[in-house]
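Trainee: First the structure, which I've put down as structure tokens, then a few questions once you've had a look.
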Amino acid sequence: MPRDSTTLGSTGLTVSRIGLGLAALGRPAYINLGRDQDYGGDRTAAVMEQRCHQMLDAAYAAGVRYVDAARSYGLAEAFLGSWLRARRIAREALTIGSKWGYSYVGGWRRDAPVHEIKDLSVDALRRQIVESRTLLGAGLHLYQIHSATIESGVLEDASVLDELDRLRTEGLAIGVTTTGPRQADVIRRALAVNTKRANLFQVVQATWNLLEPSAGPALAEAKACGLGVIVKEAVANGRLAGRNSSEATRRLERFADGHRTSSDVVAIAAALSNPWVDIVLSGAVTLEQLASNLRAVDFAGTTGGWPAIAEPPDEYWARRRALAWQ
């Protein structure tokens with residue numbers, strides 16, 4: 001395998017340690033801090049597609065071999081699909097994961113009152129897998145439940161689990177992503193499903209960062225059970241990338257300054273340094289951000305003693321919910 005590559009759990013899929021997430025590249029508004037600074041005012045679909053293609057070109061040239069999308073990321077799957085066709089990327093050359101369970105309803109408006117709606121029913125799964133396959137074709141390798149929670153009941157829905165099992169027999173790897181202060185409970189619930197359904201879930205994707213590391217022990221358990229582990233939001237929607245000021249972020253900046261690097265590099269390197277992590281997603285939307293994020297691979301191998309800046313999970317998720325769509 002190429003340098004900085006690994007196998008994603010028991011899937012057999014070859015991936016890079018850093019993947020490119022398209023959450024902020026496929027739609028005009030998102031909750032990342034500093035979005036106006038990154039994008040400016042021109043966010044037509046054509047301009048966004050061109051930007052997404054530029055980011056995919058740069059990531060692929062730099063060795064990134066995992067890309068993360070979702071049905072709710074605006075036109076992310078469409079942008080990715082058009083890039084795959086234009087660049088004639090072979091299926092085995094790049095691993096692609098997407099997610100079902102949310103739909104984008106923002107109408108390409110930055111000021112939309114609602115940007116996405118959640119539906120974790122079997123009908124939504126059956127509809128959205130067709131949509132994802134139509135846009136991504138054979139390039140789709142991994143399909144995940146988008147933001148499963150205990151309250152959603154999706155991990156107890158036999159019709160959903162049966163349909164996911166059917167998709168697995170067709171060759172898709174199946175995963176589950178989590179959100180909120182009870183991520184660890186959801187991960188362990190998925191592991192319990194695996195004991196009854198012959199390891200239905202092969203991958204788990206969760207938020208872990210220096211502000212919100214509470215899912216770490218459960219992710220370690222998942223890794224020990226053979227699941228691939230993907231970390232999202234390592235820079236906390238920009239909070240750990242120099243986009244806001246607090247005592248915690250100032251401590252991170254002092255640590256980064258002392259090592260002659262930047263906050264985003266430290267945040268992503270801290271996530272990469274966990275022995276149970278396979279992939280950490282970069283949410284970069286500019287070439288400069290991507291280049292900086294990728295430096296975390298080398299930094300993670302030479303540094304430790306990360307700043308202890310964790311917040312209580314309820315506090316962290318309350319602040320995340322309060323972030324404005326920009």
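To be explicit about the labels: the chains of the structure tokens are called A, B, and onward in the order shown, and within each one the residues are counted from 1, while ligands get numbers from 1 in the order they are shown.
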Find the residues near stretch 57-60 of chain A: any atom within 12 Å, counting only C-alpha atoms, skip ones fewer than 5 places away on the same chain, and give them as a tab-separated table (two decimals) with C-alpha atoms, in the first residue's frame.
Mentor:
chain	number	residue	atom	x	y	z
A	15	VAL	CA	-7.78	4.18	2.50
A	16	SER	CA	-5.53	7.09	3.37
A	18	ILE	CA	-6.66	11.54	6.09
A	19	GLY	CA	-9.82	11.62	3.99
A	20	LEU	CA	-11.61	14.52	2.37
A	21	GLY	CA	-15.11	15.27	3.65
A	22	LEU	CA	-17.52	17.06	1.33
A	50	GLN	CA	-15.61	23.83	-9.88
A	51	ARG	CA	-14.26	24.44	-6.38
A	52	CYS	CA	-15.15	20.90	-5.30
A	65	ARG	CA	-7.70	7.93	-1.06
A	66	TYR	CA	-10.90	8.29	0.94
A	67	VAL	CA	-13.75	10.72	0.18
A	80	LEU	CA	-18.09	13.84	-6.86
A	83	TRP	CA	-15.36	14.47	-11.09
A	84	LEU	CA	-15.00	10.68	-11.16
A	86	ALA	CA	-14.19	13.55	-15.92
A	87	ARG	CA	-10.97	12.20	-14.39
A	89	ILE	CA	-10.91	7.43	-11.72
A	93	ALA	CA	-8.12	3.73	-7.03
A	94	LEU	CA	-10.31	5.59	-4.52
A	95	THR	CA	-12.58	4.53	-1.66
A	281	LEU	CA	-11.62	13.53	7.78
A	282	SER	CA	-10.42	16.92	6.59
A	283	GLY	CA	-13.22	19.39	6.05
A	284	ALA	CA	-10.96	21.72	4.08
A	285	VAL	CA	-12.58	24.00	1.50
A	286	THR	CA	-9.46	25.82	0.28
A	287	LEU	CA	-6.21	24.46	-1.10
A	288	GLU	CA	-4.31	26.15	1.72
A	289	GLN	CA	-6.45	24.46	4.37
A	290	LEU	CA	-6.00	21.08	2.71
A	291	ALA	CA	-2.22	21.44	2.52
A	292	SER	CA	-2.12	22.41	6.20
A	293	ASN	CA	-4.42	19.56	7.29
A	294	LEU	CA	-2.28	16.99	5.48
Trainee: Just want the 10 Å neighbourhood of stretch 111-114 of chain A, counted on only C-alpha atoms, with same-chain residues fewer than 3 positions away dropped. Output as number ranges by chain.
Mentor: A: 28-29, 104-108, 117, 325-326
Trainee: So that I can see what lies close to stretch 135-149 of chain A, please list as number ranges by chain the residues with an atom at most 6 Å from it, counting only C-alpha atoms and leaving out residues fewer than 4 positions away in the same chain.
Mentor: A: 78, 81, 91, 96-101, 172-179
Trainee: What gap, in Å, lies between atom CA of A:Ala256 and atom CA of A:Ala310?
Mentor: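 Between atom CA of A:Ala256 and atom CA of A:Ala310 the gap works out to 16.6 Å.
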Trainee: Between atom CA of A:Asp119 and atom CA of A:Ala46, what is the distance in Å, rounded to a tenth?
Mentor: 28.4 Å
Trainee: Residues near A:Gly238, anyone? I mean within 12 Å using only C-alpha atoms, not counting same-chain ones fewer than 2 positions away, as an NGL selection string.
Mentor: :A and (24 or 30-35 or 38 or 209 or 211 or 233-236 or 240-245 or 249 or 263-264 or 267-268 or 282-285 or 289 or 320 or 323)
Trainee: Determine which residues of stretch 78-252 of chain A receive a DSSP assignment of alpha helix (DSSP H), computed from the backbone, and state them as a count of residues only.
Mentor: 66
Trainee: At a cut-off of 12 Å, using only C-alpha atoms, what residues contact A:Ile187? Leave out same-chain residues fewer than 2 positions from it and give the result as a PyMOL selection string.
Mentor: chain A and resi 145+147-150+155+175-185+189-194+201-207+214-223+225+227+229
Trainee: Report, in Å to a single decimal, how far apart atom CA of A:Gly74 and atom CA of A:Leu120 are.
Mentor: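 Interatomic distance here is 17.9 Å.
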